[in-house]
Structure formats: C-alpha cells, structure tokens
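Asker: Below you'll find the structure I mean.
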Amino acid sequence: MEIFSLRSSQSLLFKNNPNNARNSKTADIQIETKASAPASFQIEDKPDAGPDFTAVSPGELRNYARQSFDSGLIDQNTYAAISEPLPMHAIDPLGNIIDLSSVTDGTSFNFLDYYKNQLQVAMSIGDPQEVQTLKSIVSFLNA
C-alpha cells in the first residue's frame, strides 16, 4: 500500500482541475529568470605577454594568482606569499625604508619591482626559504 502526502495530492488535484485555470488577474504575471552570475575577474593579457605587474592593484594580483593556482601554474607557497597583504613598511636593497601604507586594494602598485627588491634583500640576508619563495614569485610575475 502506498501512502501519498495530502499536500502533494492536493497540489496535483489543483493543477489538473480545469476550474483552476489562469484568470485575468494572474495572466500577466511573469516569473523573472535569475540573472547570470558575473564572470570571475580576468586581467586583460597582451597578445604576446602576460599582465602588466608594474601597475596592478593588490586585489587584481590576488585574483590573478588565484586563477593561476587553480590552473596549476603556481604552487601553494607562491600563491600564499602573493596573497599576503603588503606590510606597512619594507626595506629596499639600499637599506632605505619604503612606506607602503598608502597601497590599498584599489590602488595600482609596481609588484614586479617590489618583489625583485625583496628578493635582493633576502639574498643579502641569506634566508634560503624566503629566497626560494621570492624567486618563485618573481619568475611568475616575469612570465
């Protein structure tokens, strides 16, 4: 013996009953379809080269790095290092302090020079793990 829900059977009866046809009050009601989701962020590539990392915002760089990580172009350590927020201050290879506090997610920044400078600093300090990570980032940004 099968048991049917009263709700579903009433629903079926309601739909199949000719007395429940659309009336003039509901005839012009239309159900809107949901708008398609916006496409994920994509940096416009030049025909022969990759994106210009000398003028890109931190948010755009993170999104591009995420796409590259998802497609297998970079490893997890490189992606994690790129995704970290910039420090408030950094040191250049000459020992000068660079103020990075004005760089926000919406401002353009020269990440290529920044990471090249940080690579030079790390190589002079002699931190092999940091050097390897920064080499990976610089090669990704140069590609």
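Note on naming: chains are A, B, ... as they come in the structure tokens, residues start from 1 per chain, ligands start from 1 in the order shown.
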As a list in words, please: the residues near stretch 72-77 of chain A (cut-off 8 Å, only C-alpha atoms, same-chain neighbours under 6 positions excluded).
Answerer: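 Neighbouring residues, sequence-local ones excluded: Ala65, Thr133 and Phe140 of chain A.
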Asker: Could those residues be written to a file, using N, CA, C and O atoms, as a PDB file, in the first residue's frame?
Answerer:
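As written to disk, again37.pdb reads:
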ATOM      1  N   ALA A  65      46.543  35.566  -9.223  1.00  0.00           N
ATOM      2  CA  ALA A  65      47.300  34.483  -8.596  1.00  0.00           C
ATOM      3  C   ALA A  65      46.373  33.312  -8.271  1.00  0.00           C
ATOM      4  O   ALA A  65      46.761  32.148  -8.413  1.00  0.00           O
ATOM      5  N   THR A 133      61.027  31.291  -2.196  1.00  0.00           N
ATOM      6  CA  THR A 133      59.658  31.774  -2.393  1.00  0.00           C
ATOM      7  C   THR A 133      59.653  33.026  -3.261  1.00  0.00           C
ATOM      8  O   THR A 133      58.843  33.140  -4.191  1.00  0.00           O
ATOM      9  N   PHE A 140      57.105  34.074 -11.670  1.00  0.00           N
ATOM     10  CA  PHE A 140      55.686  34.119 -12.026  1.00  0.00           C
ATOM     11  C   PHE A 140      55.325  35.483 -12.596  1.00  0.00           C
ATOM     12  O   PHE A 140      54.622  35.585 -13.614  1.00  0.00           O
TER      13      PHE A 140
END
Asker: Could you name the residues that touch A:Ser102 at 12 Å or less, counting only C-alpha atoms, but leaving out those on the same chain fewer than 2 positions away, as a PyMOL selection string?
Answerer: chain A and resi 57-58+86-89+98-100+104-109
Asker: Could you please take those selected residues and save C-alpha atoms as an mmCIF file, in the first residue's frame?
Answerer:
data_model
loop_
_atom_site.group_PDB
_atom_site.id
_atom_site.type_symbol
_atom_site.label_atom_id
_atom_site.label_comp_id
_atom_site.auth_asym_id
_atom_site.auth_seq_id
_atom_site.Cartn_x
_atom_site.Cartn_y
_atom_site.Cartn_z
ATOM 1 C CA SER A 57 46.225 46.601 -7.619
ATOM 2 C CA PRO A 58 46.740 44.091 -4.791
ATOM 3 C CA LEU A 86 51.726 44.098 1.878
ATOM 4 C CA PRO A 87 53.483 45.260 5.036
ATOM 5 C CA MET A 88 53.153 48.879 6.102
ATOM 6 C CA HIS A 89 56.900 49.388 5.538
ATOM 7 C CA ILE A 98 59.711 52.242 1.831
ATOM 8 C CA ASP A 99 56.307 53.413 3.090
ATOM 9 C CA LEU A 100 53.613 51.079 1.735
ATOM 10 C CA THR A 104 45.165 49.696 -0.786
ATOM 11 C CA ASP A 105 43.224 47.048 -2.705
ATOM 12 C CA GLY A 106 42.152 49.647 -5.248
ATOM 13 C CA THR A 107 45.444 51.424 -5.917
ATOM 14 C CA SER A 108 47.916 50.418 -8.602
ATOM 15 C CA PHE A 109 51.310 49.273 -7.418
#
Asker: Leaving out A:Asn142 and any residue of its chain fewer than 5 positions from it, which residues lie within 12 Å of it when counting only C-alpha atoms, given as number ranges by chain?
Answerer: A: 49-54, 111-113, 115-116, 135-137
Asker: Restrict the selected residues to N, CA, C and O atoms and save them as an mmCIF file, in the first residue's frame.
Answerer:
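Result file follows (selection_15.cif):
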data_model
loop_
_atom_site.group_PDB
_atom_site.id
_atom_site.type_symbol
_atom_site.label_atom_id
_atom_site.label_comp_id
_atom_site.auth_asym_id
_atom_site.auth_seq_id
_atom_site.Cartn_x
_atom_site.Cartn_y
_atom_site.Cartn_z
ATOM 1 N N ALA A 49 52.429 38.887 -24.286
ATOM 2 C CA ALA A 49 52.973 38.921 -22.935
ATOM 3 C C ALA A 49 51.857 38.730 -21.914
ATOM 4 O O ALA A 49 50.683 38.789 -22.233
ATOM 5 N N GLY A 50 52.263 38.528 -20.664
ATOM 6 C CA GLY A 50 51.300 38.385 -19.588
ATOM 7 C C GLY A 50 50.819 39.745 -19.110
ATOM 8 O O GLY A 50 51.100 40.773 -19.720
ATOM 9 N N PRO A 51 50.096 39.778 -18.009
ATOM 10 C CA PRO A 51 49.597 41.044 -17.472
ATOM 11 C C PRO A 51 50.744 41.958 -17.053
ATOM 12 O O PRO A 51 51.852 41.504 -16.780
ATOM 13 N N ASP A 52 50.454 43.236 -16.981
ATOM 14 C CA ASP A 52 51.448 44.230 -16.582
ATOM 15 C C ASP A 52 51.463 44.323 -15.065
ATOM 16 O O ASP A 52 50.605 44.964 -14.473
ATOM 17 N N PHE A 53 52.437 43.668 -14.433
ATOM 18 C CA PHE A 53 52.510 43.662 -12.976
ATOM 19 C C PHE A 53 53.214 44.905 -12.424
ATOM 20 O O PHE A 53 53.470 44.988 -11.247
ATOM 21 N N THR A 54 53.527 45.865 -13.301
ATOM 22 C CA THR A 54 54.114 47.110 -12.819
ATOM 23 C C THR A 54 53.034 48.126 -12.460
ATOM 24 O O THR A 54 53.336 49.150 -11.865
ATOM 25 N N PHE A 111 54.302 45.716 -8.422
ATOM 26 C CA PHE A 111 54.653 44.490 -7.692
ATOM 27 C C PHE A 111 55.918 43.842 -8.235
ATOM 28 O O PHE A 111 56.642 43.197 -7.477
ATOM 29 N N LEU A 112 56.185 44.006 -9.508
ATOM 30 C CA LEU A 112 57.368 43.387 -10.090
ATOM 31 C C LEU A 112 58.632 43.948 -9.446
ATOM 32 O O LEU A 112 59.485 43.192 -8.970
ATOM 33 N N ASP A 113 58.741 45.277 -9.382
ATOM 34 C CA ASP A 113 59.912 45.886 -8.742
ATOM 35 C C ASP A 113 59.961 45.589 -7.249
ATOM 36 O O ASP A 113 61.029 45.350 -6.693
ATOM 37 N N TYR A 115 58.835 42.928 -5.562
ATOM 38 C CA TYR A 115 59.297 41.570 -5.273
ATOM 39 C C TYR A 115 60.747 41.348 -5.713
ATOM 40 O O TYR A 115 61.466 40.581 -5.089
ATOM 41 N N LYS A 116 61.188 42.031 -6.776
ATOM 42 C CA LYS A 116 62.603 41.945 -7.162
ATOM 43 C C LYS A 116 63.480 42.534 -6.055
ATOM 44 O O LYS A 116 64.518 41.969 -5.706
ATOM 45 N N LYS A 135 61.945 33.992 -5.426
ATOM 46 C CA LYS A 135 62.340 33.626 -6.780
ATOM 47 C C LYS A 135 61.139 33.094 -7.544
ATOM 48 O O LYS A 135 60.938 33.392 -8.727
ATOM 49 N N SER A 136 60.336 32.298 -6.882
ATOM 50 C CA SER A 136 59.135 31.739 -7.490
ATOM 51 C C SER A 136 58.154 32.863 -7.861
ATOM 52 O O SER A 136 57.560 32.836 -8.942
ATOM 53 N N ILE A 137 57.999 33.835 -6.974
ATOM 54 C CA ILE A 137 57.088 34.953 -7.251
ATOM 55 C C ILE A 137 57.603 35.779 -8.418
ATOM 56 O O ILE A 137 56.838 36.130 -9.327
#
Asker: As a count of residues only, please: the residues near A:Pro93 (cut-off 7 Å, only C-alpha atoms, same-chain neighbours under 5 positions excluded).
Answerer: 3
Asker: Quick one: pull the distance between atom CA of A:Asn63 and atom CA of A:Ala80, Å, one decimal.
Answerer: 12.1 Å
Asker: Ranking A:Leu141, A:Ile125, A:Leu61, A:Val56 by minimum distance to A:Gly95 and counting only C-alpha atoms, which one comes first?
Answerer: A:Ile125
Asker: Between A:Ile82, A:Ala55, A:Ser71, A:Asp92, which one has atoms that come closest to A:Ser124, using only C-alpha atoms?
Answerer: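 Using only C-alpha atoms, A:Ser124 sits closest to A:Asp92.
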